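Asker: Dropping a structure here in structure tokens format, bear with me for questions.
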Amino acid sequence: MDLSVVIPCYNEEESLTELHRRVLAACKSAPVKTFEIILVNDGSTDSTLSIMTTLCDKDPHVVIVNLSRNHGHQLALSAGLGEAQGDYIFVLDADLQDPPELLTPMLERAKSGVDVVYGQRAERQGETWFKLFCSKSFYRVLSFLSETDIPENVGDFRLMSRRVLDQLLSMPEQQRFIRGMIAWIGFKQEPFLYERDARYAGVTKYPFMKLMSFAIDAISSFSIRPLRIAIPFALIGGVLAGLLGLGAVYSHFTGGTITGWTSLACIITGFAAIQLLCIALIGEYVGRMYIEVKRRPLYIVADVIRADHANHAGAKPTKKTAPKIAKKTAAKAKSKTTKAPARKKAK
Ligand code: UDP
Ligand code: MG
């Protein structure tokens with residue numbers, strides 16, 4: 001298989017038909033012989049799945065990955081990537097904000113030896129100033145806190161090579177900030193400047209609270225610096241407490257001990273604040289360790305539907321797909337090898 005196009009979809013009934021038309025046209029005019037279009041249904045509550053089924057019946061390139069419920073954008077994308085069989089993998093959103101027609105120029109760049117060609121937004125149509133402001137602030141904080149160089153103004157719109165995908169699939173972490181993980185993997189990565197269109201139809205599936213939790217996931221899975229913020233606070237608190245202690249001793253010898261309640265109050269409140277901060281920070285990371293050690297499958301695929309209906313409905317694909325990443329990790333730990341097991345390449 002030359003190319004896999006992976007598209008996570010959540011309640012995208014209004015965009016799907018147009019999306020399929022444009023993606024199919026882009027693939028047909030691209031320099032590839034064989035390709036598949038993987039549509040992930042992330043627990044949509046509208047007619048997304050039935051439109052997908054119609055498309056699958058009409059077009060043998062379409063593969064549907066139907067998740068058991070809404071897992072969120074990053075896990076839906078992971079599910080689609082887990083099914084991809086292509087030598088190159090093209091990821092885009094279902095709302096046509098990322099033009100599928102850029103496939104050919106991006107593929108040309110990739111074929112010249114670039115492992116990841118990631119779309120970088122030169123301009124963003126149809127976004128509110130508030131969203132642009134939040135996005136800018138987020139990338140500022142992220143680049144300050146993280147040691148991995150994560151490019152700004154970049155979404156998941158990208159074209160990557162098989163070896164990058166194999167590495168990505170071998171990473172078992174639960175909080176998946178995919179664009180950051182790909183940046184962390186390395187190899188040759190280059191930006192591809194483009195103008196981001198407005199949504200073709202419907203509304204954003206990233207309301208403010210979802211965006212916030214995405215940002216927290218991204219920052220805490222890419223940095224332990226927030227943990228270290230506790231250190232300067234503890235130092236400043238220590239110095240202040242020392243000075244207050246000296247003041248208390250001094251006032252004891254000068255006869256005004258009863259007045260010491262002020263410094264006592266300062267010490268108690270100061271330390272309580274510092275301890276609370278430390279507990280909150282440690283709690284965040286303990287929570288993350290808790291999630292990681294559970295080693296749950298990242299997602300549960302109800303069924304994988306291909307146009308040939310070979311894998312149609314049934315427990316087989318579910319069992320095969322769901323624990324893919326967890327199983328790999330177990331095998332890795334057992335054999336104690338440092339190299340990630342290469343994924344079987346199906347052609
Ligand atoms: N999406 C998804 N699951 C979700 C939320 C979003 O699969 O829980 C998909 C959505 O259908 C779209 C992509 O993720 O293809 C990006 O979402 P959206 O366009 O709403 O985000 P925005 O562009 O507004 O940041
Ligand atoms: Mg969008």
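To be explicit about the labels: the chains of the structure tokens are called A, B, and onward in the order shown, and within each one the residues are counted from 1, while ligands get numbers from 1 in the order they are shown.
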Write as a PyMOL selection string the residues around ligand 2, taking 8 Å as the cut-off and counting only C-alpha atoms and all ligand atoms.
Answerer: chain A and resi 93-97+198-199+204-205
Asker: Once you have the residues from the selection above, write them out as a short mmCIF file (atom, residue, chain, number, x, y, z; two decimals), in the first residue's frame, restricted to N, CA, C and O atoms.
Answerer:
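The resulting file, part-v3.cif, is shown below:
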data_model
loop_
_atom_site.label_atom_id
_atom_site.label_comp_id
_atom_site.auth_asym_id
_atom_site.auth_seq_id
_atom_site.Cartn_x
_atom_site.Cartn_y
_atom_site.Cartn_z
N ASP A 93 -7.96 16.75 9.19
CA ASP A 93 -9.23 16.86 9.91
C ASP A 93 -10.38 16.67 8.93
O ASP A 93 -10.24 16.89 7.72
N ALA A 94 -11.54 16.32 9.51
CA ALA A 94 -12.69 16.02 8.66
C ALA A 94 -13.41 17.28 8.17
O ALA A 94 -14.25 17.21 7.28
N ASP A 95 -13.10 18.44 8.75
CA ASP A 95 -13.88 19.63 8.45
C ASP A 95 -13.34 20.43 7.26
O ASP A 95 -13.78 21.55 7.02
N LEU A 96 -12.37 19.87 6.56
CA LEU A 96 -11.79 20.49 5.36
C LEU A 96 -11.06 21.80 5.64
O LEU A 96 -10.89 22.63 4.76
N GLN A 97 -10.63 21.97 6.92
CA GLN A 97 -9.81 23.15 7.22
C GLN A 97 -8.42 22.98 6.61
O GLN A 97 -7.76 23.96 6.29
N ALA A 198 -11.57 28.09 6.66
CA ALA A 198 -12.57 28.01 7.72
C ALA A 198 -13.21 26.62 7.62
O ALA A 198 -13.10 25.94 6.61
N ARG A 199 -13.87 26.21 8.69
CA ARG A 199 -14.60 24.95 8.69
C ARG A 199 -15.56 24.89 7.51
O ARG A 199 -16.24 25.87 7.25
N THR A 204 -17.01 23.81 15.77
CA THR A 204 -15.81 23.18 16.29
C THR A 204 -16.16 22.12 17.33
O THR A 204 -17.13 22.28 18.08
N LYS A 205 -15.41 21.04 17.34
CA LYS A 205 -15.65 19.98 18.32
C LYS A 205 -14.69 20.16 19.50
O LYS A 205 -14.52 19.27 20.32
#
Asker: Considering only C-alpha atoms, return as an NGL selection string whatever protein or nucleic-acid residues lie within 8 Å of A:Arg69, sequence-local ones (same chain, fewer than 2 positions apart) excluded.
Answerer: :A and (42-44 or 67 or 71)
Asker: May I ask which of the residues A:Ala272, A:Val154, A:Ala30, A:Ile279 is the closest one to A:Met106, counting only C-alpha atoms?
Answerer: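 Answer, going by the shortest atom-to-atom distance: A:Ala30.
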Asker: Enumerate the residues of stretch 140-219 of chain A with a DSSP assignment of helix (DSSP H, G or I), computed from the backbone, and present them as a short mmCIF file (atom, residue, chain, number, x, y, z; two decimals) with N, CA and C atoms, in the first residue's frame.
Answerer:
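Result saved to result_34.cif:
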data_model
loop_
_atom_site.label_atom_id
_atom_site.label_comp_id
_atom_site.auth_asym_id
_atom_site.auth_seq_id
_atom_site.Cartn_x
_atom_site.Cartn_y
_atom_site.Cartn_z
N ARG A 140 3.50 29.43 23.60
CA ARG A 140 4.55 30.13 24.36
C ARG A 140 4.90 29.34 25.61
N VAL A 141 3.86 28.98 26.38
CA VAL A 141 4.07 28.26 27.64
C VAL A 141 4.71 26.90 27.35
N LEU A 142 4.21 26.23 26.33
CA LEU A 142 4.71 24.89 26.01
C LEU A 142 6.19 24.94 25.62
N SER A 143 6.56 25.94 24.80
CA SER A 143 7.96 25.96 24.37
C SER A 143 8.87 26.39 25.53
N PHE A 144 8.34 27.16 26.49
CA PHE A 144 9.14 27.51 27.66
C PHE A 144 9.36 26.30 28.56
N LEU A 145 8.30 25.50 28.72
CA LEU A 145 8.35 24.40 29.67
C LEU A 145 8.97 23.12 29.12
N ARG A 162 6.52 5.72 6.96
CA ARG A 162 6.20 4.50 7.71
C ARG A 162 7.05 4.37 8.98
N ARG A 163 8.35 4.72 8.87
CA ARG A 163 9.19 4.48 10.05
C ARG A 163 8.83 5.40 11.20
N VAL A 164 8.35 6.60 10.89
CA VAL A 164 7.90 7.50 11.95
C VAL A 164 6.63 6.93 12.60
N LEU A 165 5.73 6.44 11.77
CA LEU A 165 4.49 5.86 12.31
C LEU A 165 4.80 4.65 13.18
N ASP A 166 5.73 3.80 12.74
CA ASP A 166 6.08 2.62 13.54
C ASP A 166 6.58 3.03 14.92
N GLN A 167 7.40 4.09 14.96
CA GLN A 167 7.89 4.56 16.25
C GLN A 167 6.75 5.11 17.10
N LEU A 168 5.87 5.86 16.45
CA LEU A 168 4.74 6.45 17.18
C LEU A 168 3.86 5.36 17.79
N LEU A 169 3.64 4.29 17.01
CA LEU A 169 2.78 3.21 17.50
C LEU A 169 3.45 2.42 18.62
N ILE A 178 -0.18 14.02 20.04
CA ILE A 178 0.48 13.35 18.92
C ILE A 178 1.50 14.23 18.20
N ARG A 179 1.17 15.51 17.96
CA ARG A 179 2.12 16.35 17.23
C ARG A 179 3.42 16.51 18.03
N GLY A 180 3.31 16.52 19.37
CA GLY A 180 4.50 16.61 20.23
C GLY A 180 5.29 15.32 20.20
N MET A 181 4.56 14.19 20.22
CA MET A 181 5.25 12.89 20.19
C MET A 181 6.01 12.72 18.88
N ILE A 182 5.42 13.19 17.79
CA ILE A 182 6.10 13.07 16.49
C ILE A 182 7.33 13.98 16.47
N ALA A 183 7.20 15.17 17.05
CA ALA A 183 8.36 16.07 17.13
C ALA A 183 9.47 15.40 17.94
N TRP A 184 9.09 14.70 18.99
CA TRP A 184 10.05 14.03 19.86
C TRP A 184 10.76 12.89 19.13
N ILE A 185 10.05 12.21 18.23
CA ILE A 185 10.63 11.06 17.52
C ILE A 185 11.85 11.47 16.69
N PHE A 208 -14.11 25.28 24.76
CA PHE A 208 -13.04 25.83 25.59
C PHE A 208 -12.49 24.82 26.61
N MET A 209 -13.39 24.12 27.31
CA MET A 209 -12.94 23.20 28.36
C MET A 209 -12.12 22.05 27.78
N LYS A 210 -12.52 21.57 26.58
CA LYS A 210 -11.79 20.48 25.93
C LYS A 210 -10.39 20.97 25.53
N LEU A 211 -10.34 22.24 25.05
CA LEU A 211 -9.06 22.82 24.66
C LEU A 211 -8.13 22.92 25.87
N MET A 212 -8.71 23.35 27.02
CA MET A 212 -7.92 23.49 28.23
C MET A 212 -7.35 22.14 28.64
N SER A 213 -8.18 21.10 28.59
CA SER A 213 -7.69 19.80 29.04
C SER A 213 -6.64 19.26 28.05
N PHE A 214 -6.81 19.60 26.77
CA PHE A 214 -5.81 19.25 25.76
C PHE A 214 -4.48 19.93 26.08
N ALA A 215 -4.56 21.22 26.47
CA ALA A 215 -3.35 21.98 26.78
C ALA A 215 -2.66 21.42 28.02
N ILE A 216 -3.45 21.06 29.04
CA ILE A 216 -2.86 20.50 30.26
C ILE A 216 -2.21 19.15 29.96
N ASP A 217 -2.89 18.33 29.16
CA ASP A 217 -2.32 17.04 28.74
C ASP A 217 -0.99 17.25 28.03
N ALA A 218 -0.99 18.20 27.11
CA ALA A 218 0.21 18.45 26.31
C ALA A 218 1.35 18.89 27.20
N ILE A 219 1.09 19.84 28.09
CA ILE A 219 2.17 20.39 28.90
C ILE A 219 2.68 19.37 29.91
#
Asker: As an exercise, work out the distance from atom CA of A:Ser170 to atom CA of A:Arg288 in Å and give it to one decimal place.
Answerer: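 These atoms are spaced 19.2 Å apart.
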